[in-house]
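Chemist: Provided below: my_file07.csv, containing CSV, C-alpha atoms and all ligand atoms.
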chain,number,residue,atom,x,y,z
Y,6,MET,CA,-40.4,3.5,-10.1
Y,7,PRO,CA,-44.0,2.1,-10.4
Y,8,GLN,CA,-44.9,-0.2,-7.5
Y,9,LYS,CA,-45.4,-3.1,-9.8
Y,10,GLU,CA,-41.9,-2.8,-11.2
Y,11,LYS,CA,-40.5,-2.6,-7.8
Y,12,ALA,CA,-42.3,-5.7,-6.6
Y,13,LYS,CA,-41.0,-7.5,-9.7
Y,14,GLN,CA,-37.5,-6.5,-9.0
Y,15,GLN,CA,-37.8,-7.6,-5.4
Y,16,LYS,CA,-39.0,-10.9,-6.6
Y,17,GLU,CA,-36.1,-11.3,-9.0
Y,18,ARG,CA,-33.8,-10.6,-6.2
Y,19,GLU,CA,-35.4,-13.1,-3.9
Y,20,LYS,CA,-34.8,-15.7,-6.6
Y,21,VAL,CA,-31.1,-15.5,-6.1
Y,22,PRO,CA,-30.3,-17.6,-3.1
Y,23,ALA,CA,-27.8,-16.2,-0.6
Y,24,PHE,CA,-24.6,-18.0,-1.3
Y,25,THR,CA,-22.0,-17.7,1.3
Y,26,ASP,CA,-19.2,-19.7,-0.1
Y,27,ILE,CA,-17.9,-19.4,-3.7
Y,28,SER,CA,-18.1,-23.1,-4.1
Y,29,GLU,CA,-21.8,-22.8,-3.8
Y,30,LEU,CA,-22.1,-20.6,-6.8
Y,31,PRO,CA,-23.6,-22.3,-9.9
Y,32,GLY,CA,-20.9,-23.1,-12.4
Y,33,VAL,CA,-18.1,-23.1,-9.9
Y,34,GLY,CA,-16.5,-26.5,-9.8
Y,35,PRO,CA,-13.8,-27.5,-7.4
Y,36,ALA,CA,-11.0,-26.4,-9.8
Y,37,THR,CA,-12.5,-22.9,-10.3
Y,38,ALA,CA,-13.1,-22.5,-6.6
Y,39,GLU,CA,-9.5,-23.4,-6.0
Y,40,LYS,CA,-8.3,-20.9,-8.6
Y,41,LEU,CA,-10.5,-18.2,-7.0
Y,42,ARG,CA,-9.2,-19.0,-3.5
Y,43,GLU,CA,-5.6,-18.8,-4.8
Y,44,ILE,CA,-6.0,-15.3,-6.0
Y,45,GLY,CA,-7.8,-14.2,-2.8
Y,46,PHE,CA,-11.5,-14.5,-3.7
Y,47,SER,CA,-12.8,-17.1,-1.3
Y,48,THR,CA,-15.9,-15.4,-0.3
Y,49,VAL,CA,-18.8,-14.1,-2.3
Y,50,GLU,CA,-18.3,-10.6,-0.8
Y,51,ALA,CA,-14.8,-10.4,-2.1
Y,52,LEU,CA,-15.8,-11.9,-5.5
Y,53,ALA,CA,-18.4,-9.2,-5.9
Y,54,THR,CA,-15.6,-6.6,-5.9
Y,55,ALA,CA,-13.4,-8.4,-8.4
Y,56,THR,CA,-12.7,-7.3,-11.9
Y,57,VAL,CA,-12.9,-9.5,-15.0
Y,58,SER,CA,-9.2,-9.0,-15.7
Y,59,GLU,CA,-8.3,-10.2,-12.2
Y,60,LEU,CA,-10.1,-13.4,-12.7
Y,61,GLU,CA,-8.7,-13.8,-16.2
Y,62,ALA,CA,-5.2,-13.6,-14.8
Y,63,ALA,CA,-6.1,-16.7,-12.8
Y,64,GLY,CA,-7.0,-18.5,-16.0
Y,65,ILE,CA,-10.8,-18.1,-15.9
Y,66,GLY,CA,-12.3,-17.1,-19.2
Y,67,GLU,CA,-13.7,-13.7,-19.8
Y,68,LYS,CA,-17.3,-14.8,-20.2
Y,69,LYS,CA,-17.2,-17.0,-17.1
Y,70,ALA,CA,-15.5,-14.3,-15.1
Y,71,GLN,CA,-18.2,-11.9,-16.0
Y,72,GLU,CA,-20.9,-14.3,-15.0
Y,73,LEU,CA,-19.3,-15.1,-11.7
Y,74,ILE,CA,-18.9,-11.5,-10.7
Y,75,GLU,CA,-22.4,-10.7,-11.7
Y,76,LEU,CA,-23.8,-13.6,-9.7
Y,77,ALA,CA,-21.7,-12.6,-6.7
Y,78,ARG,CA,-23.0,-9.1,-7.0
Y,79,GLU,CA,-26.6,-10.1,-7.2
Y,80,THR,CA,-26.2,-12.2,-4.2
Y,81,ILE,CA,-25.0,-9.4,-2.0
Y,82,GLU,CA,-27.1,-6.8,-3.7
Y,83,ILE,CA,-24.6,-4.4,-5.0
Y,84,SER,CA,-26.5,-2.3,-7.5
Y,85,TRP,CA,-27.4,1.2,-8.5
Y,86,VAL,CA,-28.9,3.2,-5.8
Y,87,THR,CA,-30.5,6.6,-5.7
Y,88,ALA,CA,-28.9,9.4,-3.7
Y,89,LYS,CA,-31.7,9.0,-1.3
Y,90,GLU,CA,-30.8,5.4,-0.8
Y,91,LEU,CA,-27.2,6.5,-0.2
Y,92,ILE,CA,-28.4,7.9,3.1
Y,93,LYS,CA,-29.2,4.3,4.1
Y,94,TYR,CA,-25.8,3.2,3.0
Y,95,ARG,CA,-24.1,5.9,5.0
Y,96,SER,CA,-26.2,5.0,8.0
Y,97,SER,CA,-24.7,1.5,7.9
Y,98,ILE,CA,-21.2,3.0,8.5
Y,99,GLY,CA,-20.0,2.0,12.0
Y,100,ARG,CA,-17.7,3.9,14.2
Y,101,ILE,CA,-15.0,2.9,16.8
Y,102,THR,CA,-14.1,5.0,19.7
Y,103,THR,CA,-10.5,5.9,20.0
Y,104,GLY,CA,-10.7,6.2,23.8
Y,105,SER,CA,-10.6,10.0,23.6
Y,106,ARG,CA,-13.9,11.9,23.2
Y,107,ALA,CA,-11.9,14.8,21.8
Y,108,LEU,CA,-10.3,12.7,19.1
Y,109,ASP,CA,-13.6,10.9,18.4
Y,110,GLY,CA,-15.2,14.3,17.9
Y,111,LEU,CA,-12.4,15.4,15.5
Y,112,VAL,CA,-13.2,12.4,13.2
Y,113,GLY,CA,-17.0,12.8,13.3
Y,114,GLY,CA,-17.7,10.4,16.2
Y,115,GLY,CA,-15.0,7.7,15.9
Y,116,ILE,CA,-12.9,5.9,13.3
Y,117,GLU,CA,-15.3,4.9,10.6
Y,118,THR,CA,-15.9,1.7,8.7
Y,119,MET,CA,-15.8,1.3,4.9
Y,120,SER,CA,-12.8,3.6,4.5
Y,121,ILE,CA,-9.2,4.0,5.4
Y,122,THR,CA,-7.8,6.1,8.3
Y,123,GLU,CA,-4.1,6.8,8.3
Y,124,PHE,CA,-2.1,7.9,11.4
Y,125,PHE,CA,1.1,9.4,10.4
Y,126,GLY,CA,3.9,11.0,12.5
Y,127,GLU,CA,7.4,10.5,13.7
Y,128,PHE,CA,8.7,7.6,15.8
Y,129,GLY,CA,7.2,7.4,19.2
Y,130,SER,CA,4.4,9.7,18.4
Y,131,GLY,CA,1.8,7.0,19.4
Y,132,LYS,CA,0.6,5.5,16.1
Y,133,SER,CA,1.0,1.9,17.4
Y,134,GLN,CA,-0.6,2.8,20.7
Y,135,LEU,CA,-3.6,4.1,18.8
Y,136,CYS,CA,-3.7,0.8,16.8
Y,137,HIS,CA,-3.6,-1.3,20.0
Y,138,GLN,CA,-6.3,0.8,21.6
Y,139,LEU,CA,-8.6,0.4,18.5
Y,140,ALA,CA,-8.0,-3.3,18.4
Y,141,VAL,CA,-9.4,-3.5,21.9
Y,142,ASN,CA,-12.2,-0.9,21.5
Y,143,VAL,CA,-13.7,-2.5,18.4
Y,144,GLN,CA,-14.6,-5.4,20.6
Y,145,LEU,CA,-16.8,-3.2,22.9
Y,146,PRO,CA,-20.5,-3.3,22.5
Y,147,GLU,CA,-22.0,-0.5,20.3
Y,148,GLU,CA,-23.3,1.4,23.3
Y,149,ARG,CA,-19.8,1.7,24.5
Y,150,GLY,CA,-18.3,2.9,21.2
Y,151,GLY,CA,-17.3,-0.5,19.7
Y,152,LEU,CA,-18.7,-2.7,17.0
Y,153,ASN,CA,-18.8,-5.9,18.9
Y,154,GLY,CA,-16.3,-7.3,16.4
Y,155,ALA,CA,-12.8,-8.6,16.1
Y,156,ALA,CA,-9.6,-7.0,14.9
Y,157,LEU,CA,-7.2,-8.2,12.2
Y,158,TYR,CA,-3.7,-7.0,13.0
Y,159,ILE,CA,-0.9,-6.9,10.4
Y,160,ASP,CA,2.3,-6.1,12.2
Y,161,THR,CA,5.3,-5.3,10.0
Y,162,GLU,CA,7.8,-4.1,12.6
Y,163,ASN,CA,7.1,-6.6,15.4
Y,164,THR,CA,5.8,-3.9,17.7
Y,165,PHE,CA,2.6,-5.5,18.7
Y,166,ARG,CA,2.6,-6.1,22.5
Y,167,ILE,CA,0.3,-8.5,24.3
Y,168,GLU,CA,0.9,-6.7,27.6
Y,169,ARG,CA,-0.4,-3.4,26.2
Y,170,ILE,CA,-3.6,-5.1,25.0
Y,171,GLU,CA,-4.1,-6.7,28.4
Y,172,ALA,CA,-3.6,-3.4,30.2
Y,173,MET,CA,-6.1,-1.7,27.9
Y,174,ALA,CA,-8.6,-4.5,28.2
Y,175,LYS,CA,-8.4,-4.5,32.0
Y,176,ASN,CA,-8.9,-0.8,32.1
Y,177,LEU,CA,-12.1,-1.2,30.2
Y,178,GLY,CA,-13.3,-4.0,32.5
Y,179,LEU,CA,-12.9,-6.6,29.7
Y,180,ASP,CA,-11.5,-10.1,30.1
Y,181,PRO,CA,-8.0,-9.8,28.7
Y,182,ASP,CA,-7.9,-13.4,27.4
Y,183,GLY,CA,-11.2,-12.9,25.6
Y,184,VAL,CA,-9.9,-9.7,24.0
Y,185,LEU,CA,-6.7,-11.4,22.9
Y,186,GLU,CA,-8.8,-14.2,21.3
Y,187,ARG,CA,-10.5,-11.6,19.2
Y,188,ILE,CA,-7.4,-10.2,17.7
Y,189,VAL,CA,-6.3,-12.1,14.7
Y,190,TYR,CA,-2.6,-11.4,14.3
Y,191,ALA,CA,0.0,-11.8,11.5
Y,192,GLU,CA,3.5,-10.6,11.2
Y,193,ALA,CA,4.5,-9.5,7.7
Y,194,TYR,CA,8.1,-10.3,6.8
Y,195,ASN,CA,8.4,-8.1,3.7
Y,196,SER,CA,6.2,-6.0,1.5
Y,197,ASP,CA,5.2,-8.9,-0.8
Y,198,HIS,CA,4.2,-10.9,2.3
Y,199,GLN,CA,2.3,-7.9,3.6
Y,200,MET,CA,0.4,-7.7,0.3
Y,201,LEU,CA,-0.2,-11.4,0.2
Y,202,LEU,CA,-1.7,-11.3,3.8
Y,203,LEU,CA,-4.3,-8.9,2.7
Y,204,GLU,CA,-5.0,-10.7,-0.5
Y,205,LYS,CA,-5.8,-13.8,1.4
Y,206,ALA,CA,-7.6,-12.1,4.3
Y,207,ASP,CA,-11.3,-12.2,3.2
Y,208,ARG,CA,-12.1,-15.6,4.7
Y,209,VAL,CA,-10.5,-14.9,8.0
Y,210,ILE,CA,-12.3,-11.6,8.2
Y,211,LYS,CA,-15.6,-13.2,7.5
Y,212,GLU,CA,-15.2,-16.1,9.8
Y,213,ASN,CA,-14.1,-14.0,12.8
Y,214,ASN,CA,-16.5,-11.1,12.3
Y,215,VAL,CA,-13.5,-8.7,11.9
Y,216,ARG,CA,-14.6,-5.1,11.9
Y,217,LEU,CA,-11.2,-3.5,12.1
Y,218,ILE,CA,-8.2,-4.1,9.8
Y,219,ILE,CA,-4.9,-2.7,11.0
Y,220,VAL,CA,-1.7,-2.4,9.0
Y,221,ASP,CA,1.1,-1.1,11.3
Y,222,SER,CA,3.2,0.0,9.5
Y,223,LEU,CA,1.7,0.4,6.0
Y,224,THR,CA,4.9,1.9,4.6
Y,225,ALA,CA,8.0,0.6,6.5
Y,226,HIS,CA,8.7,-2.4,4.3
Y,227,PHE,CA,8.0,-0.5,1.1
Y,228,ARG,CA,10.4,2.2,2.2
Y,229,SER,CA,13.2,-0.1,3.0
Y,230,GLU,CA,12.9,-2.3,0.0
Y,231,TYR,CA,12.2,0.3,-2.7
Y,232,ILE,CA,15.1,2.7,-2.4
Y,233,GLY,CA,15.9,5.6,-4.6
Y,234,ARG,CA,14.2,7.7,-7.3
Y,235,GLU,CA,14.1,5.0,-9.9
Y,236,MET,CA,12.1,2.7,-7.7
Y,237,LEU,CA,9.6,5.3,-6.5
Y,238,ALA,CA,7.1,4.6,-9.3
Y,239,GLU,CA,7.1,0.9,-8.6
Y,240,ARG,CA,6.8,1.5,-4.9
Y,241,GLN,CA,3.8,3.8,-5.3
Y,242,GLN,CA,2.2,1.3,-7.7
Y,243,LYS,CA,2.5,-1.5,-5.2
Y,244,LEU,CA,1.3,0.6,-2.3
Y,245,ASN,CA,-1.7,1.8,-4.3
Y,246,LYS,CA,-2.6,-1.8,-5.1
Y,247,HIS,CA,-2.3,-2.7,-1.4
Y,248,MET,CA,-4.4,0.3,-0.4
Y,249,HIS,CA,-7.0,-0.5,-3.0
Y,250,ARG,CA,-7.3,-4.1,-1.7
Y,251,LEU,CA,-7.6,-2.8,1.8
Y,252,LEU,CA,-10.4,-0.4,0.8
Y,253,ARG,CA,-12.3,-3.1,-0.9
Y,254,LEU,CA,-12.1,-5.4,2.1
Y,255,ALA,CA,-13.2,-2.5,4.3
Y,256,ARG,CA,-16.2,-1.9,2.1
Y,257,ALA,CA,-17.1,-5.5,1.6
Y,258,PHE,CA,-17.1,-6.4,5.3
Y,259,ASN,CA,-18.2,-3.0,6.7
Y,260,ALA,CA,-14.9,-2.8,8.6
Y,261,ALA,CA,-12.7,0.1,9.5
Y,262,ALA,CA,-9.2,0.1,8.0
Y,263,VAL,CA,-6.4,1.8,10.0
Y,264,VAL,CA,-2.9,2.2,8.7
Y,265,THR,CA,0.2,3.9,10.1
Y,266,ASN,CA,3.0,5.7,8.3
Y,267,GLN,CA,6.1,7.0,9.9
Y,268,VAL,CA,7.4,10.3,8.7
Y,269,MET,CA,10.4,12.4,9.6
Y,270,ALA,CA,10.0,15.3,11.9
Y,271,ARG,CA,10.8,17.7,9.1
Y,272,PRO,CA,8.0,20.3,8.7
Y,273,ASP,CA,8.2,20.4,5.0
Y,274,GLU,CA,7.8,16.7,4.8
Y,275,PHE,CA,4.8,16.5,7.2
Y,276,PHE,CA,2.2,17.3,4.6
Y,277,SER,CA,3.8,15.8,1.6
Y,278,PRO,CA,1.4,13.4,-0.1
Y,279,MET,CA,3.5,10.4,0.9
Y,280,VAL,CA,1.3,7.4,0.6
Y,281,VAL,CA,-1.3,8.2,-2.0
Y,282,ALA,CA,0.5,10.5,-4.2
Y,283,PRO,CA,-0.6,9.7,-7.7
Y,284,VAL,CA,2.9,8.8,-9.0
Y,285,GLY,CA,2.2,6.9,-12.1
Y,286,GLY,CA,-1.5,6.8,-11.9
Y,287,HIS,CA,-4.6,7.7,-10.0
Y,288,ILE,CA,-5.5,6.0,-6.8
Y,289,VAL,CA,-9.0,5.0,-5.9
Y,290,GLY,CA,-8.6,5.2,-2.2
Y,291,HIS,CA,-7.5,8.7,-2.1
Y,292,THR,CA,-10.8,10.5,-1.8
Y,293,SER,CA,-12.2,8.3,1.0
Y,294,HIS,CA,-9.0,8.4,3.0
Y,295,THR,CA,-8.8,10.2,6.4
Y,296,ARG,CA,-5.4,11.4,7.4
Y,297,LEU,CA,-4.4,12.1,11.0
Y,298,PHE,CA,-1.0,13.6,11.9
Y,299,VAL,CA,0.2,12.7,15.3
Y,300,ARG,CA,2.9,14.7,17.0
Y,301,LYS,CA,4.7,14.9,20.3
Y,302,THR,CA,4.4,17.9,22.7
Y,303,ALA,CA,6.4,19.2,25.6
Y,304,GLY,CA,4.2,17.2,27.9
Y,305,LYS,CA,5.6,13.7,28.0
Y,306,ASN,CA,2.4,11.8,27.6
Y,307,LEU,CA,0.5,14.3,25.6
Y,308,ARG,CA,0.1,14.2,21.8
Y,309,ILE,CA,-1.5,16.5,19.3
Y,310,VAL,CA,-3.6,14.8,16.6
Y,311,ARG,CA,-4.4,16.9,13.6
Y,312,LEU,CA,-7.0,16.0,11.0
Y,313,VAL,CA,-5.1,16.8,7.8
Y,314,SER,CA,-7.5,15.5,5.2
Y,315,SER,CA,-10.9,14.0,5.2
Y,316,PRO,CA,-13.4,13.4,2.5
Y,317,TYR,CA,-16.0,15.6,4.4
Y,318,LEU,CA,-14.7,16.8,7.7
Y,319,PRO,CA,-13.0,20.2,8.4
Y,320,GLU,CA,-9.4,20.3,9.5
Y,321,GLY,CA,-8.7,20.7,13.2
Y,322,GLU,CA,-6.6,19.3,16.0
Y,323,VAL,CA,-7.0,17.9,19.5
Y,324,LEU,CA,-4.9,16.9,22.4
Y,325,ILE,CA,-4.8,13.3,23.7
Y,326,LYS,CA,-2.9,11.4,26.3
Y,327,ILE,CA,-1.1,8.1,26.2
Y,328,THR,CA,-1.0,6.3,29.6
Y,329,GLN,CA,-0.6,2.8,31.0
Y,330,ASN,CA,-4.4,2.6,30.4
Y,331,GLY,CA,-4.1,3.5,26.8
Y,332,ILE,CA,-5.5,6.5,24.9
Y,333,GLU,CA,-7.3,9.0,27.0
Y,334,ASP,CA,-8.7,12.5,27.1
Y,335,VAL,CA,-6.5,15.2,28.6
Y,336,GLU,CA,-7.7,16.9,31.8
Y,337,GLU,CA,-7.9,20.7,32.0
Y,338,SER,CA,-5.1,20.8,34.6
Y,339,GLU,CA,-2.7,18.9,32.3
Y,340,ARG,CA,-3.6,21.3,29.5
Y,341,GLU,CA,-2.8,24.2,31.8
Y,342,GLU,CA,0.5,22.7,32.6
Y,343,LEU,CA,1.4,22.3,29.0
Y,344,ARG,CA,0.5,26.0,28.4
Y,345,ARG,CA,2.8,27.1,31.2
Y,346,ARG,CA,5.8,25.3,29.7
F,401,LIG,P1,7.1,4.2,15.4
F,401,LIG,O1,6.4,2.9,15.2
F,401,LIG,O2,8.5,4.1,15.9
F,401,LIG,O3,7.0,5.1,14.2
F,401,LIG,O4,6.4,5.0,16.6
F,401,LIG,P2,4.8,5.0,17.0
F,401,LIG,O5,4.2,6.3,16.5
F,401,LIG,O6,4.2,3.7,16.6
F,401,LIG,O7,4.9,5.1,18.6
F,401,LIG,P3,4.2,4.2,19.7
F,401,LIG,O8,2.8,4.1,19.5
F,401,LIG,O9,5.0,3.0,19.8
F,401,LIG,O10,4.4,5.1,21.0
F,401,LIG,C1,5.4,4.9,21.9
F,401,LIG,C2,5.1,5.9,23.0
F,401,LIG,O11,3.9,5.6,23.6
F,401,LIG,C3,6.2,5.8,24.1
F,401,LIG,O12,7.2,6.6,23.8
F,401,LIG,C4,5.4,6.2,25.3
F,401,LIG,O13,5.4,7.6,25.4
F,401,LIG,C5,4.0,5.8,25.0
F,401,LIG,N1,3.6,4.6,25.7
F,401,LIG,C6,3.7,3.3,25.3
F,401,LIG,N2,3.3,2.4,26.2
F,401,LIG,C7,3.1,3.2,27.3
F,401,LIG,C8,2.7,2.8,28.6
F,401,LIG,O14,2.5,1.7,29.0
F,401,LIG,N3,2.5,3.9,29.5
F,401,LIG,C9,2.7,5.2,29.1
F,401,LIG,N4,2.5,6.1,30.0
F,401,LIG,N5,3.1,5.5,27.9
F,401,LIG,C10,3.3,4.5,27.0
F,402,MG,MG,4.8,2.0,15.8
Re-express the file's structure as structure tokens.
Ligand code: GTP
Ligand code: MG

Modeler:
Amino acid sequence: MPQKEKAKQQKEREKVPAFTDISELPGVGPATAEKLREIGFSTVEALATATVSELEAAGIGEKKAQELIELARETIEISWVTAKELIKYRSSIGRITTGSRALDGLVGGGIETMSITEFFGEFGSGKSQLCHQLAVNVQLPEERGGLNGAALYIDTENTFRIERIEAMAKNLGLDPDGVLERIVYAEAYNSDHQMLLLEKADRVIKENNVRLIIVDSLTAHFRSEYIGREMLAERQQKLNKHMHRLLRLARAFNAAAVVTNQVMARPDEFFSPMVVAPVGGHIVGHTSHTRLFVRKTAGKNLRIVRLVSSPYLPEGEVLIKITQNGIEDVEESEREELRRR
């Protein structure tokens, strides 16, 4: 592009003031702002990812909807980029350490932002422990493997434990109270409530500088409420919508999204495409979704984590340890002991 053209575009861009709240957007009166908030678009970032039909469903006319989305997009500069510029986009991806160097290495340096990471495995495999650890670690400064941000924790089975957070925080030399303050928590009572929580999450994410969104468990409510073959399609559809929303929040706020999914310890079920199987339609989240299978070993505290699918990383597996301190690397002596068993 000629220099002149570029400068002109830059100028155009500068003309658009940086709105932070939807009520500041031109043409958004109190009534429209209220409508937008009701359907979960209370920030400009979220509005920029909306579709016209979503806004229409809330009673906003097509033309107006188009204008609003356009304006929101201009404000946060979502536009065409060249592949070269993509490098810059990718470099803005942040990573959160899991507490285990081995596991970090398996996923390319830590759990990444702007996409969804799923831990799946049987009961007691350590999925929730991993979530707790990440909720603490995201708060670390960047040089220690964190993002200096807060965590949003959606707990569906009431398995979030303050004592675990405190122990993990202390182990890292962090003030436990301060760490608890930066975990924004909500319990989801059923699948609809779970979906609603995410739909209304954008403001709380922004206000608290949330860089990690946890849904533990993603699937439990859906499984218990949508039973049998005939409800499978509806269940998938709802789950897909939920995942889609999660992905959009992760992208809009450069946050990591981590979900858990319990599966039976039946080998033939391990790798079935449970969550994102395209039953009744294609799912957007699928390709940018990292799946990690966690399983128990003969060693009581030791777990194997296997990278089952990733948009760009090779498969592989590592050993981790769950202790009072949280998620840790396994020492050579412990590895040896496991081999001897
Ligand atoms: P479901 O939610 O039932 O599917 O299981 P999960 O995969 O979420 O399991 P979770 O993360 O709750 O793991 C529980 C396991 O973590 C326990 O069985 C213990 O082995 C281990 N664990 C939890 N807390 C501690 C602790 O304080 N010390 C030690 N050593 N291990 C712990
Ligand atoms: Mg759990």

Chemist: Using all atoms listed in the file, determine which residues fall within 9 Å of ligand LIG 401 (chain F), then list them as JSON, numbers by chain.

Modeler: {"Y": [124, 125, 126, 127, 128, 129, 130, 131, 132, 133, 134, 135, 136, 137, 162, 164, 165, 168, 169, 172, 221, 222, 225, 265, 266, 267, 268, 299, 300, 301, 305, 306, 307, 326, 327, 328, 329, 330, 331]}

Chemist: Restricting it to C-alpha atoms, dump the selection as a compact mmCIF listing (two decimals), in the coordinates of the input.

Modeler:
# COMPACT_ATOMS: atom_id res chain seq x y z
CA PHE Y 124 -2.10 7.90 11.40
CA PHE Y 125 1.10 9.40 10.40
CA GLY Y 126 3.90 11.00 12.50
CA GLU Y 127 7.40 10.50 13.70
CA PHE Y 128 8.70 7.60 15.80
CA GLY Y 129 7.20 7.40 19.20
CA SER Y 130 4.40 9.70 18.40
CA GLY Y 131 1.80 7.00 19.40
CA LYS Y 132 0.60 5.50 16.10
CA SER Y 133 1.00 1.90 17.40
CA GLN Y 134 -0.60 2.80 20.70
CA LEU Y 135 -3.60 4.10 18.80
CA CYS Y 136 -3.70 0.80 16.80
CA HIS Y 137 -3.60 -1.30 20.00
CA GLU Y 162 7.80 -4.10 12.60
CA THR Y 164 5.80 -3.90 17.70
CA PHE Y 165 2.60 -5.50 18.70
CA GLU Y 168 0.90 -6.70 27.60
CA ARG Y 169 -0.40 -3.40 26.20
CA ALA Y 172 -3.60 -3.40 30.20
CA ASP Y 221 1.10 -1.10 11.30
CA SER Y 222 3.20 0.00 9.50
CA ALA Y 225 8.00 0.60 6.50
CA THR Y 265 0.20 3.90 10.10
CA ASN Y 266 3.00 5.70 8.30
CA GLN Y 267 6.10 7.00 9.90
CA VAL Y 268 7.40 10.30 8.70
CA VAL Y 299 0.20 12.70 15.30
CA ARG Y 300 2.90 14.70 17.00
CA LYS Y 301 4.70 14.90 20.30
CA LYS Y 305 5.60 13.70 28.00
CA ASN Y 306 2.40 11.80 27.60
CA LEU Y 307 0.50 14.30 25.60
CA LYS Y 326 -2.90 11.40 26.30
CA ILE Y 327 -1.10 8.10 26.20
CA THR Y 328 -1.00 6.30 29.60
CA GLN Y 329 -0.60 2.80 31.00
CA ASN Y 330 -4.40 2.60 30.40
CA GLY Y 331 -4.10 3.50 26.80

Chemist: Give as a count of residues only the set of residues within 12 Å of the point (-5.9, -20.2, -1.1), where distances use the file's coordinates and only C-alpha atoms.

Modeler: 21

Chemist: With only C-alpha atoms and all ligand atoms as the atoms that count, which of Y:Val264, Y:Ile65, Y:Thr102, Y:Pro31 lies nearest to ligand MG 402 (chain F)?

Modeler: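 That would be Y:Val264, the residue with the smallest distance to ligand MG 402 (chain F).
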
Chemist: In Å, rounded to a single decimal, give me how far atom CA of Asp197 of chain Y is from atom CA of Leu244 of chain Y.

Modeler: 10.4 Å

Chemist: May I ask which of the residues Y:Ala63, Y:Ile309, Y:Ala191, Y:Ile159 is the closest one to ligand MG 402 (chain F), counting only C-alpha atoms and all ligand atoms?

Modeler: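 Closest residue, counting only C-alpha atoms and all ligand atoms: Y:Ile159.
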
Chemist: Do you know which residues are at most 8 Å from Arg256 of chain Y counting all atoms listed in the file, after dropping those on the same chain fewer than 2 positions away, and could you put them as a VMD selection string?

Modeler: chain Y and resid 118 to 120 252 to 254 258 to 260

Chemist: Residues of the last selection are to be written out with C-alpha atoms, as a PDB file, in the frame of the given file.

Modeler:
ATOM      1  CA  THR Y 118     -15.900   1.700   8.700  1.00  0.00           C
ATOM      2  CA  MET Y 119     -15.800   1.300   4.900  1.00  0.00           C
ATOM      3  CA  SER Y 120     -12.800   3.600   4.500  1.00  0.00           C
ATOM      4  CA  LEU Y 252     -10.400  -0.400   0.800  1.00  0.00           C
ATOM      5  CA  ARG Y 253     -12.300  -3.100  -0.900  1.00  0.00           C
ATOM      6  CA  LEU Y 254     -12.100  -5.400   2.100  1.00  0.00           C
ATOM      7  CA  PHE Y 258     -17.100  -6.400   5.300  1.00  0.00           C
ATOM      8  CA  ASN Y 259     -18.200  -3.000   6.700  1.00  0.00           C
ATOM      9  CA  ALA Y 260     -14.900  -2.800   8.600  1.00  0.00           C
TER      10      ALA Y 260
END

Chemist: Taking (-11.3, -8.7, 26.6) in the file's coordinates as the center, which residues reach within 12 Å of it, counting all atoms listed in the file, put as a PyMOL selection string?

Modeler: chain Y and resi 138+140-146+153-156+167+170-188

Chemist: Residues as selected, C-alpha atoms, written as a short mmCIF file (atom, residue, chain, number, x, y, z; two decimals), in the coordinates of the input, can you do that?

Modeler:
data_model
loop_
_atom_site.label_atom_id
_atom_site.label_comp_id
_atom_site.auth_asym_id
_atom_site.auth_seq_id
_atom_site.Cartn_x
_atom_site.Cartn_y
_atom_site.Cartn_z
CA GLN Y 138 -6.30 0.80 21.60
CA ALA Y 140 -8.00 -3.30 18.40
CA VAL Y 141 -9.40 -3.50 21.90
CA ASN Y 142 -12.20 -0.90 21.50
CA VAL Y 143 -13.70 -2.50 18.40
CA GLN Y 144 -14.60 -5.40 20.60
CA LEU Y 145 -16.80 -3.20 22.90
CA PRO Y 146 -20.50 -3.30 22.50
CA ASN Y 153 -18.80 -5.90 18.90
CA GLY Y 154 -16.30 -7.30 16.40
CA ALA Y 155 -12.80 -8.60 16.10
CA ALA Y 156 -9.60 -7.00 14.90
CA ILE Y 167 0.30 -8.50 24.30
CA ILE Y 170 -3.60 -5.10 25.00
CA GLU Y 171 -4.10 -6.70 28.40
CA ALA Y 172 -3.60 -3.40 30.20
CA MET Y 173 -6.10 -1.70 27.90
CA ALA Y 174 -8.60 -4.50 28.20
CA LYS Y 175 -8.40 -4.50 32.00
CA ASN Y 176 -8.90 -0.80 32.10
CA LEU Y 177 -12.10 -1.20 30.20
CA GLY Y 178 -13.30 -4.00 32.50
CA LEU Y 179 -12.90 -6.60 29.70
CA ASP Y 180 -11.50 -10.10 30.10
CA PRO Y 181 -8.00 -9.80 28.70
CA ASP Y 182 -7.90 -13.40 27.40
CA GLY Y 183 -11.20 -12.90 25.60
CA VAL Y 184 -9.90 -9.70 24.00
CA LEU Y 185 -6.70 -11.40 22.90
CA GLU Y 186 -8.80 -14.20 21.30
CA ARG Y 187 -10.50 -11.60 19.20
CA ILE Y 188 -7.40 -10.20 17.70
#

Chemist: Do a neighbour search on Glu147 of chain Y at 9 Å with only C-alpha atoms, toss out local chain neighbours closer than 6 positions, and write the hits as a PDB file with C-alpha atoms, keeping the file's coordinate frame.

Modeler:
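New file around-v7.pdb:
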ATOM      1  CA  GLY Y  99     -20.000   2.000  12.000  1.00  0.00           C
ATOM      2  CA  ARG Y 100     -17.700   3.900  14.200  1.00  0.00           C
ATOM      3  CA  ILE Y 101     -15.000   2.900  16.800  1.00  0.00           C
ATOM      4  CA  ASN Y 153     -18.800  -5.900  18.900  1.00  0.00           C
TER       5      ASN Y 153
END

Chemist: Which value, in Å to one decimal, gives the distance between atom CA of Ala262 of chain Y and atom CA of Ile218 of chain Y?

Modeler: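 Separation of atom CA of Ala262 of chain Y and atom CA of Ile218 of chain Y: 4.7 Å.
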